[in-house]
>>> print(open('my_file26.txt').read())   # compact mmCIF, C-alpha atoms
# COMPACT_ATOMS: atom_id res chain seq x y z
CA MET A 923 -36.04 21.45 -19.57
CA LYS A 924 -35.45 19.93 -16.14
CA LYS A 925 -33.62 16.67 -15.54
CA ASP A 926 -36.83 14.84 -14.51
CA GLN A 927 -38.56 15.99 -17.68
CA VAL A 928 -35.65 14.73 -19.80
CA LEU A 929 -35.68 11.37 -18.03
CA ASP A 930 -39.46 11.07 -18.42
CA TYR A 931 -39.14 11.93 -22.11
CA MET A 932 -36.39 9.32 -22.58
CA ASP A 933 -38.51 6.73 -20.77
CA SER A 934 -41.46 7.48 -23.07
CA LEU A 935 -39.22 7.14 -26.14
CA GLU A 936 -37.92 3.79 -24.89
CA LYS A 937 -41.47 2.50 -24.39
CA GLU A 938 -42.56 3.64 -27.86
CA ASP A 939 -39.51 2.45 -29.77
CA LYS A 940 -38.52 -1.19 -29.19
CA ASN A 941 -35.19 -0.68 -30.99
CA LEU A 942 -34.27 2.22 -28.70
CA ASP A 943 -35.19 0.13 -25.66
CA LEU A 944 -32.91 -2.66 -26.91
CA TYR A 945 -30.13 -0.14 -27.62
CA VAL A 946 -30.38 1.30 -24.10
CA LYS A 947 -30.26 -2.19 -22.55
CA MET A 948 -27.25 -3.12 -24.66
CA TYR A 949 -25.22 0.04 -24.13
CA GLU A 950 -26.21 1.33 -20.69
CA ALA A 951 -23.52 -0.65 -18.84
CA LEU A 952 -20.86 0.14 -21.43
CA SER A 953 -21.77 3.81 -21.36
CA SER A 954 -21.51 3.81 -17.55
CA PHE A 955 -18.12 2.10 -17.76
CA LEU A 956 -16.90 4.66 -20.31
CA THR A 957 -18.08 7.58 -18.16
CA ASP A 958 -16.11 6.22 -15.19
CA PHE A 959 -13.14 5.35 -17.42
CA ASP A 960 -13.10 8.89 -18.82
CA PHE A 961 -13.26 10.36 -15.31
CA MET A 962 -10.31 8.24 -14.15
CA LYS A 963 -8.33 8.91 -17.35
CA ASP A 964 -8.86 12.68 -17.02
CA SER A 965 -8.06 12.60 -13.28
CA LEU A 966 -4.69 11.08 -14.13
CA GLY A 967 -4.11 13.50 -17.02
CA MET A 968 -3.94 10.64 -19.49
CA THR A 969 -4.79 10.72 -23.18
CA GLN A 970 -6.20 7.96 -25.37
CA LYS A 971 -2.66 7.45 -26.65
CA ASP A 972 -1.34 6.98 -23.08
CA VAL A 973 -4.03 4.38 -22.41
CA ALA A 974 -3.38 2.65 -25.73
CA ASP A 975 0.36 2.45 -24.98
CA LYS A 976 -0.31 0.86 -21.58
CA MET A 977 -2.69 -1.62 -23.19
CA GLY A 978 -0.45 -2.44 -26.12
CA THR A 979 -2.97 -1.24 -28.72
CA THR A 980 -3.61 1.82 -30.86
CA GLN A 981 -5.17 5.16 -30.00
CA SER A 982 -7.75 4.61 -32.76
CA ALA A 983 -8.86 1.36 -31.09
CA ILE A 984 -9.49 3.26 -27.84
CA SER A 985 -11.32 5.99 -29.77
CA ARG A 986 -13.64 3.45 -31.42
CA ILE A 987 -14.50 1.95 -28.02
CA GLU A 988 -15.06 5.37 -26.40
CA SER A 989 -17.37 6.44 -29.24
CA LEU A 990 -19.35 3.17 -29.08
CA LYS A 991 -18.37 2.28 -32.63
CA THR A 992 -17.34 -1.21 -31.58
CA ASN A 993 -18.33 -3.74 -28.94
CA PRO A 994 -15.27 -4.32 -26.77
CA SER A 995 -14.53 -7.70 -25.25
CA TYR A 996 -14.31 -8.31 -21.53
CA LYS A 997 -10.54 -8.56 -21.89
CA GLN A 998 -10.36 -5.14 -23.59
CA LEU A 999 -12.48 -3.53 -20.87
CA LEU A 1000 -10.33 -5.13 -18.18
CA LYS A 1001 -7.16 -3.77 -19.81
CA MET A 1002 -8.74 -0.31 -20.13
CA ALA A 1003 -9.71 -0.32 -16.44
CA GLU A 1004 -6.23 -1.44 -15.38
CA ALA A 1005 -4.59 1.19 -17.62
CA VAL A 1006 -6.22 3.95 -15.55
CA GLY A 1007 -5.60 2.22 -12.21
CA GLY A 1008 -9.05 0.71 -11.84
CA ASP A 1009 -10.68 -2.69 -11.59
CA LEU A 1010 -13.45 -4.10 -13.72
CA TYR A 1011 -16.58 -5.12 -11.83
CA ILE A 1012 -19.53 -6.76 -13.54
CA THR A 1013 -22.67 -7.91 -11.77
CA PRO A 1014 -26.15 -9.12 -12.68
CA MET A 1015 -27.45 -7.29 -9.57
CA LYS A 1016 -27.51 -3.74 -10.94
CA ASP A 1017 -30.40 -2.68 -8.71
CA MET A 1018 -28.32 -3.54 -5.61
CA THR A 1019 -25.12 -1.87 -6.76
CA VAL A 1020 -24.22 1.63 -5.60
CA GLN A 1021 -21.47 3.90 -6.87
CA VAL A 1022 -19.99 6.60 -4.70
CA PRO A 1023 -20.36 9.97 -6.47
CA TYR A 1024 -17.09 11.27 -7.90
CA ASP A 1025 -16.94 14.22 -5.50
CA LEU A 1026 -17.11 11.92 -2.44
CA GLN A 1027 -14.68 9.21 -3.54
CA GLU A 1028 -11.56 10.75 -2.02
CA THR A 1029 -13.40 11.38 1.26
CA VAL A 1030 -14.49 7.73 1.38
CA ARG A 1031 -10.93 6.57 0.73
CA LYS A 1032 -9.62 8.75 3.58
CA LEU A 1033 -12.32 7.57 5.99
CA ALA A 1034 -11.62 3.93 5.11
CA GLU A 1035 -7.89 4.45 5.55
CA GLY A 1036 -8.53 6.11 8.93
CA GLU A 1037 -10.32 2.96 10.06
CA ASP A 1038 -7.63 0.71 8.52
CA LYS A 1039 -10.14 -0.82 6.08
CA THR A 1040 -10.41 -1.19 2.34
CA THR A 1041 -12.92 1.12 0.70
CA ASN A 1042 -15.21 -1.86 0.07
CA GLU A 1043 -15.06 -2.97 3.71
CA TYR A 1044 -15.77 0.58 4.85
CA LEU A 1045 -18.68 1.05 2.44
CA ASP A 1046 -20.16 -2.35 3.31
CA GLU A 1047 -20.18 -1.36 6.97
CA VAL A 1048 -21.61 2.12 6.34
CA ILE A 1049 -24.39 0.78 4.12
CA ARG A 1050 -25.21 -2.07 6.52
CA ASP A 1051 -25.40 0.31 9.49
CA ALA A 1052 -27.57 2.80 7.59
CA VAL A 1053 -30.00 0.17 6.29
CA GLU A 1054 -30.30 -1.55 9.67
CA SER A 1055 -30.92 1.80 11.37
CA GLU A 1056 -33.62 2.73 8.83
CA TYR A 1057 -35.26 -0.67 9.18
CA GLU A 1058 -35.22 -0.36 12.97
CA SER A 1059 -36.93 3.04 12.69
CA TYR A 1060 -39.48 1.52 10.32
CA THR A 1061 -40.33 -1.36 12.66
CA LYS A 1062 -40.66 0.95 15.69
CA MET A 1063 -43.02 3.29 13.88
CA SER A 1064 -46.49 3.15 15.41
CA ILE A 1065 -49.72 5.03 15.04
CA PRO A 1066 -51.87 5.52 18.16
CA TRP A 1067 -55.13 4.18 16.69
CA ASN A 1068 -56.50 3.30 20.11
CA LYS A 1069 -56.82 7.05 20.80
CA VAL A 1070 -59.09 7.69 17.84
CA CYS A 1071 -62.77 8.58 18.44
CA GLU A 1072 -63.14 7.88 22.15
CA PRO A 1073 -60.91 6.70 24.99
CA ILE A 1074 -63.17 3.71 25.81
CA ALA A 1075 -63.02 2.17 22.31
CA THR A 1076 -60.09 0.00 21.29
CA TYR A 1077 -59.16 -0.44 17.64
CA ASN A 1078 -56.90 -2.99 15.96
CA CYS A 1079 -55.52 -1.66 12.69
CA GLU A 1080 -53.56 -3.20 9.87
CA SER A 1081 -51.98 -0.87 7.35
CA ASN A 1082 -49.63 -0.92 4.40
CA PHE A 1083 -46.70 1.45 4.25
CA MET A 1084 -44.53 2.30 1.29
CA TRP A 1085 -40.94 3.60 1.45
CA LYS A 1086 -40.29 6.27 -1.14
CA LYS A 1087 -37.47 8.81 -1.32
CA ALA A 1088 -36.72 8.88 2.40
CA GLU A 1089 -40.33 9.65 3.36
CA TRP A 1090 -42.92 7.39 4.96
CA SER A 1091 -46.28 7.51 3.26
CA MET A 1092 -49.33 5.61 4.44
CA MET A 1093 -50.83 4.30 1.25
CA ASN A 1094 -54.08 2.79 2.57
CA LEU A 1095 -55.72 1.27 5.59
CA GLN A 1096 -56.75 -2.29 4.89
CA LYS A 1097 -58.64 -3.09 8.05
CA ILE A 1098 -59.90 -1.33 11.14
CA GLU A 1099 -61.58 -3.65 13.62
CA VAL A 1100 -63.40 -2.32 16.65
CA THR A 1101 -62.62 -4.64 19.55
CA SER A 1102 -64.56 -2.88 22.29
CA LEU A 1103 -67.04 -0.08 22.20
CA LYS A 1104 -69.54 1.53 24.57
CA PRO A 1105 -73.16 0.63 23.61
CA GLU A 1106 -74.11 4.22 22.70
CA THR A 1107 -71.08 4.46 20.39
CA GLN A 1108 -71.91 1.14 18.65
CA LYS A 1109 -74.91 2.82 17.03
CA ILE A 1110 -72.73 5.66 15.66
CA ALA A 1111 -70.04 3.24 14.43
CA ALA A 1112 -72.63 1.07 12.67
CA ALA A 1113 -74.05 4.06 10.73
>>> encode(input="my_file26.txt", output="structure tokens")
Amino acid sequence: MKKDQVLDYMDSLEKEDKNLDLYVKMYEALSSFLTDFDFMKDSLGMTQKDVADKMGTTQSAISRIESLKTNPSYKQLLKMAEAVGGDLYITPMKDMTVQVPYDLQETVRKLAEGEDKTTNEYLDEVIRDAVESEYESYTKMSIPWNKVCEPIATYNCESNFMWKKAEWSMMNLQKIEVTSLKPETQKIAAA
């Protein structure tokens, strides 16, 4: 089964089962935190016991959190993040938050250091430049409608465009208005 099929199946389950949908909403952020926490813990060669010692708690408490058997407090999550050298970041703007993939994180750190910036400053600049460049390309995009049909006719067109997965797709033409047309072509256009 391919990844897209699994995701589609999970989406259909969430829509059918209100309890599952609620569960996903409740635990998605915690699960994401735990995935990152585990990555950082493993990268440092730490065990649950090492983390617990740094936090001043027990290994079993860390195990319960990692297995989603308890709802940790903000303070516990902050201590867990700090124990593996991280920071806790919570936002209500999930759809505008991006995480650098694990395999690119060290590269980003090196590039930021090379420009004497923090990783956040570097990423802010890279994202801003990329979005502005894409938007500039979008606004410069034009379609030569005045060359359609005949060179004498002039057309004004309004269209809707949709951005999807780095491809431009024209979804529909809302209006094509003929602004000048030779008399013999008016009959053809009216038909």
>>> closest_atom_pairs(input="my_file26.txt", of="stretch 1019-1066 of chain A", to="stretch 957-978 of chain A", cutoff="12 Å", atoms="all atoms listed in the file", output="JSON lines")
{"residue": "A:Gln1021", "atom": "CA", "partner": "A:Asp958", "partner_atom": "CA", "distance": 10.2}
{"residue": "A:Val1022", "atom": "CA", "partner": "A:Asp958", "partner_atom": "CA", "distance": 11.2}
{"residue": "A:Pro1023", "atom": "CA", "partner": "A:Asp958", "partner_atom": "CA", "distance": 10.4}
{"residue": "A:Tyr1024", "atom": "CA", "partner": "A:Phe961", "partner_atom": "CA", "distance": 8.4}
{"residue": "A:Asp1025", "atom": "CA", "partner": "A:Phe961", "partner_atom": "CA", "distance": 11.2}
{"residue": "A:Gln1027", "atom": "CA", "partner": "A:Met962", "partner_atom": "CA", "distance": 11.5}
{"residue": "A:Glu1028", "atom": "CA", "partner": "A:Ser965", "partner_atom": "CA", "distance": 11.9}
>>> atom_distance(input="my_file26.txt", atom1="atom CA of A:Lys1062", atom2="atom CA of A:Arg1050")
18.2 Å
>>> atom_distance(input="my_file26.txt", atom1="atom CA of A:Glu1004", atom2="atom CA of A:Gln981")
16.1 Å
>>> residues_around(input="my_file26.txt", residues="A:Lys1016", least_positions_apart="6", cutoff="12 Å", atoms="all atoms listed in the file", output="ChimeraX atom specification")
/A:950-951,954
>>> write_last_selection(input="my_file26.txt", atoms="C-alpha atoms", output="short mmCIF file (atom, residue, chain, number, x, y, z; two decimals), in the coordinates of the input")
data_model
loop_
_atom_site.label_atom_id
_atom_site.label_comp_id
_atom_site.auth_asym_id
_atom_site.auth_seq_id
_atom_site.Cartn_x
_atom_site.Cartn_y
_atom_site.Cartn_z
CA GLU A 950 -26.21 1.33 -20.69
CA ALA A 951 -23.52 -0.65 -18.84
CA SER A 954 -21.51 3.81 -17.55
#
>>> atom_distance(input="my_file26.txt", atom1="atom CA of A:Ser989", atom2="atom CA of A:Tyr1011")
20.9 Å
>>> decode(input="my_file26.txt", residues="stretch 948-1056 of chain A", atoms="C-alpha atoms", output="PDB file, in the first residue's frame")
ATOM      1  CA  MET A 948      -5.831  15.855  20.532  1.00  0.00           C
ATOM      2  CA  TYR A 949      -2.677  13.823  19.949  1.00  0.00           C
ATOM      3  CA  GLU A 950      -1.304  15.009  16.614  1.00  0.00           C
ATOM      4  CA  ALA A 951       0.827  17.785  18.132  1.00  0.00           C
ATOM      5  CA  LEU A 952       2.013  15.597  20.998  1.00  0.00           C
ATOM      6  CA  SER A 953       2.874  12.798  18.601  1.00  0.00           C
ATOM      7  CA  SER A 954       4.861  15.241  16.447  1.00  0.00           C
ATOM      8  CA  PHE A 955       6.684  16.514  19.530  1.00  0.00           C
ATOM      9  CA  LEU A 956       7.514  12.950  20.603  1.00  0.00           C
ATOM     10  CA  THR A 957       8.825  12.057  17.139  1.00  0.00           C
ATOM     11  CA  ASP A 958      11.182  15.052  17.231  1.00  0.00           C
ATOM     12  CA  PHE A 959      12.079  14.376  20.873  1.00  0.00           C
ATOM     13  CA  ASP A 960      12.940  10.767  20.037  1.00  0.00           C
ATOM     14  CA  PHE A 961      15.081  11.879  17.083  1.00  0.00           C
ATOM     15  CA  MET A 962      17.025  14.325  19.255  1.00  0.00           C
ATOM     16  CA  LYS A 963      17.346  11.829  22.123  1.00  0.00           C
ATOM     17  CA  ASP A 964      18.666   9.126  19.766  1.00  0.00           C
ATOM     18  CA  SER A 965      21.012  11.604  18.029  1.00  0.00           C
ATOM     19  CA  LEU A 966      22.592  12.321  21.395  1.00  0.00           C
ATOM     20  CA  GLY A 967      22.709   8.628  22.338  1.00  0.00           C
ATOM     21  CA  MET A 968      20.486   9.254  25.343  1.00  0.00           C
ATOM     22  CA  THR A 969      18.125   6.802  27.021  1.00  0.00           C
ATOM     23  CA  GLN A 970      14.850   7.483  28.804  1.00  0.00           C
ATOM     24  CA  LYS A 971      16.790   7.152  32.054  1.00  0.00           C
ATOM     25  CA  ASP A 972      19.297   9.829  30.938  1.00  0.00           C
ATOM     26  CA  VAL A 973      16.428  12.185  30.097  1.00  0.00           C
ATOM     27  CA  ALA A 974      14.658  11.409  33.367  1.00  0.00           C
ATOM     28  CA  ASP A 975      17.833  12.145  35.352  1.00  0.00           C
ATOM     29  CA  LYS A 976      18.240  15.523  33.630  1.00  0.00           C
ATOM     30  CA  MET A 977      14.594  16.331  34.327  1.00  0.00           C
ATOM     31  CA  GLY A 978      14.621  15.146  37.918  1.00  0.00           C
ATOM     32  CA  THR A 979      11.946  12.497  37.334  1.00  0.00           C
ATOM     33  CA  THR A 980      11.726   8.754  36.756  1.00  0.00           C
ATOM     34  CA  GLN A 981      12.311   6.693  33.629  1.00  0.00           C
ATOM     35  CA  SER A 982       8.786   5.278  33.960  1.00  0.00           C
ATOM     36  CA  ALA A 983       7.336   8.815  33.818  1.00  0.00           C
ATOM     37  CA  ILE A 984       9.168   9.413  30.524  1.00  0.00           C
ATOM     38  CA  SER A 985       7.989   6.034  29.227  1.00  0.00           C
ATOM     39  CA  ARG A 986       4.341   6.866  30.014  1.00  0.00           C
ATOM     40  CA  ILE A 987       4.636  10.164  28.125  1.00  0.00           C
ATOM     41  CA  GLU A 988       6.385   8.564  25.132  1.00  0.00           C
ATOM     42  CA  SER A 989       3.717   5.857  24.889  1.00  0.00           C
ATOM     43  CA  LEU A 990       0.877   8.419  25.140  1.00  0.00           C
ATOM     44  CA  LYS A 991      -0.397   6.859  28.349  1.00  0.00           C
ATOM     45  CA  THR A 992      -0.564  10.242  30.041  1.00  0.00           C
ATOM     46  CA  ASN A 993      -1.157  13.842  29.047  1.00  0.00           C
ATOM     47  CA  PRO A 994       1.999  15.758  29.920  1.00  0.00           C
ATOM     48  CA  SER A 995       1.875  19.349  31.094  1.00  0.00           C
ATOM     49  CA  TYR A 996       3.524  22.210  29.263  1.00  0.00           C
ATOM     50  CA  LYS A 997       6.189  22.274  31.977  1.00  0.00           C
ATOM     51  CA  GLN A 998       6.968  18.563  31.464  1.00  0.00           C
ATOM     52  CA  LEU A 999       7.263  19.009  27.691  1.00  0.00           C
ATOM     53  CA  LEU A1000       9.527  22.020  28.181  1.00  0.00           C
ATOM     54  CA  LYS A1001      11.796  20.022  30.506  1.00  0.00           C
ATOM     55  CA  MET A1002      11.867  17.119  28.028  1.00  0.00           C
ATOM     56  CA  ALA A1003      12.837  19.457  25.182  1.00  0.00           C
ATOM     57  CA  GLU A1004      15.569  21.092  27.259  1.00  0.00           C
ATOM     58  CA  ALA A1005      16.901  17.681  28.382  1.00  0.00           C
ATOM     59  CA  VAL A1006      17.753  16.843  24.753  1.00  0.00           C
ATOM     60  CA  GLY A1007      19.075  20.325  23.950  1.00  0.00           C
ATOM     61  CA  GLY A1008      15.938  21.627  22.294  1.00  0.00           C
ATOM     62  CA  ASP A1009      13.364  24.353  22.767  1.00  0.00           C
ATOM     63  CA  LEU A1010       9.615  23.999  23.004  1.00  0.00           C
ATOM     64  CA  TYR A1011       7.643  25.900  20.378  1.00  0.00           C
ATOM     65  CA  ILE A1012       3.855  25.982  20.370  1.00  0.00           C
ATOM     66  CA  THR A1013       1.760  27.913  17.875  1.00  0.00           C
ATOM     67  CA  PRO A1014      -1.882  28.159  16.835  1.00  0.00           C
ATOM     68  CA  MET A1015      -0.670  28.709  13.239  1.00  0.00           C
ATOM     69  CA  LYS A1016       0.130  25.107  12.314  1.00  0.00           C
ATOM     70  CA  ASP A1017      -0.622  25.635   8.624  1.00  0.00           C
ATOM     71  CA  MET A1018       2.082  28.336   8.459  1.00  0.00           C
ATOM     72  CA  THR A1019       4.732  26.408  10.354  1.00  0.00           C
ATOM     73  CA  VAL A1020       7.436  24.488   8.525  1.00  0.00           C
ATOM     74  CA  GLN A1021       9.933  22.010   9.921  1.00  0.00           C
ATOM     75  CA  VAL A1022      13.231  21.367   8.219  1.00  0.00           C
ATOM     76  CA  PRO A1023      13.533  17.640   7.430  1.00  0.00           C
ATOM     77  CA  TYR A1024      15.948  15.816   9.727  1.00  0.00           C
ATOM     78  CA  ASP A1025      18.423  15.087   6.926  1.00  0.00           C
ATOM     79  CA  LEU A1026      18.764  18.815   6.072  1.00  0.00           C
ATOM     80  CA  GLN A1027      19.005  20.249   9.583  1.00  0.00           C
ATOM     81  CA  GLU A1028      22.785  20.125   9.864  1.00  0.00           C
ATOM     82  CA  THR A1029      23.147  21.695   6.408  1.00  0.00           C
ATOM     83  CA  VAL A1030      20.831  24.545   7.415  1.00  0.00           C
ATOM     84  CA  ARG A1031      22.816  25.119  10.609  1.00  0.00           C
ATOM     85  CA  LYS A1032      26.076  25.302   8.642  1.00  0.00           C
ATOM     86  CA  LEU A1033      24.617  27.682   6.052  1.00  0.00           C
ATOM     87  CA  ALA A1034      23.222  29.934   8.790  1.00  0.00           C
ATOM     88  CA  GLU A1035      26.550  29.915  10.614  1.00  0.00           C
ATOM     89  CA  GLY A1036      28.326  30.781   7.345  1.00  0.00           C
ATOM     90  CA  GLU A1037      26.146  33.882   7.064  1.00  0.00           C
ATOM     91  CA  ASP A1038      26.575  34.693  10.773  1.00  0.00           C
ATOM     92  CA  LYS A1039      22.842  34.238  11.428  1.00  0.00           C
ATOM     93  CA  THR A1040      20.722  32.121  13.714  1.00  0.00           C
ATOM     94  CA  THR A1041      18.972  29.227  12.026  1.00  0.00           C
ATOM     95  CA  ASN A1042      15.647  31.051  12.418  1.00  0.00           C
ATOM     96  CA  GLU A1043      17.003  34.239  10.833  1.00  0.00           C
ATOM     97  CA  TYR A1044      18.468  32.222   7.963  1.00  0.00           C
ATOM     98  CA  LEU A1045      15.275  30.234   7.379  1.00  0.00           C
ATOM     99  CA  ASP A1046      13.103  33.360   7.571  1.00  0.00           C
ATOM    100  CA  GLU A1047      15.223  34.944   4.852  1.00  0.00           C
ATOM    101  CA  VAL A1048      15.267  31.826   2.644  1.00  0.00           C
ATOM    102  CA  ILE A1049      11.503  31.362   2.903  1.00  0.00           C
ATOM    103  CA  ARG A1050      10.795  35.059   2.316  1.00  0.00           C
ATOM    104  CA  ASP A1051      13.036  35.130  -0.777  1.00  0.00           C
ATOM    105  CA  ALA A1052      11.498  31.940  -2.185  1.00  0.00           C
ATOM    106  CA  VAL A1053       7.894  33.058  -1.639  1.00  0.00           C
ATOM    107  CA  GLU A1054       8.532  36.537  -3.056  1.00  0.00           C
ATOM    108  CA  SER A1055      10.246  35.028  -6.100  1.00  0.00           C
ATOM    109  CA  GLU A1056       7.348  32.615  -6.697  1.00  0.00           C
TER     110      GLU A1056
END
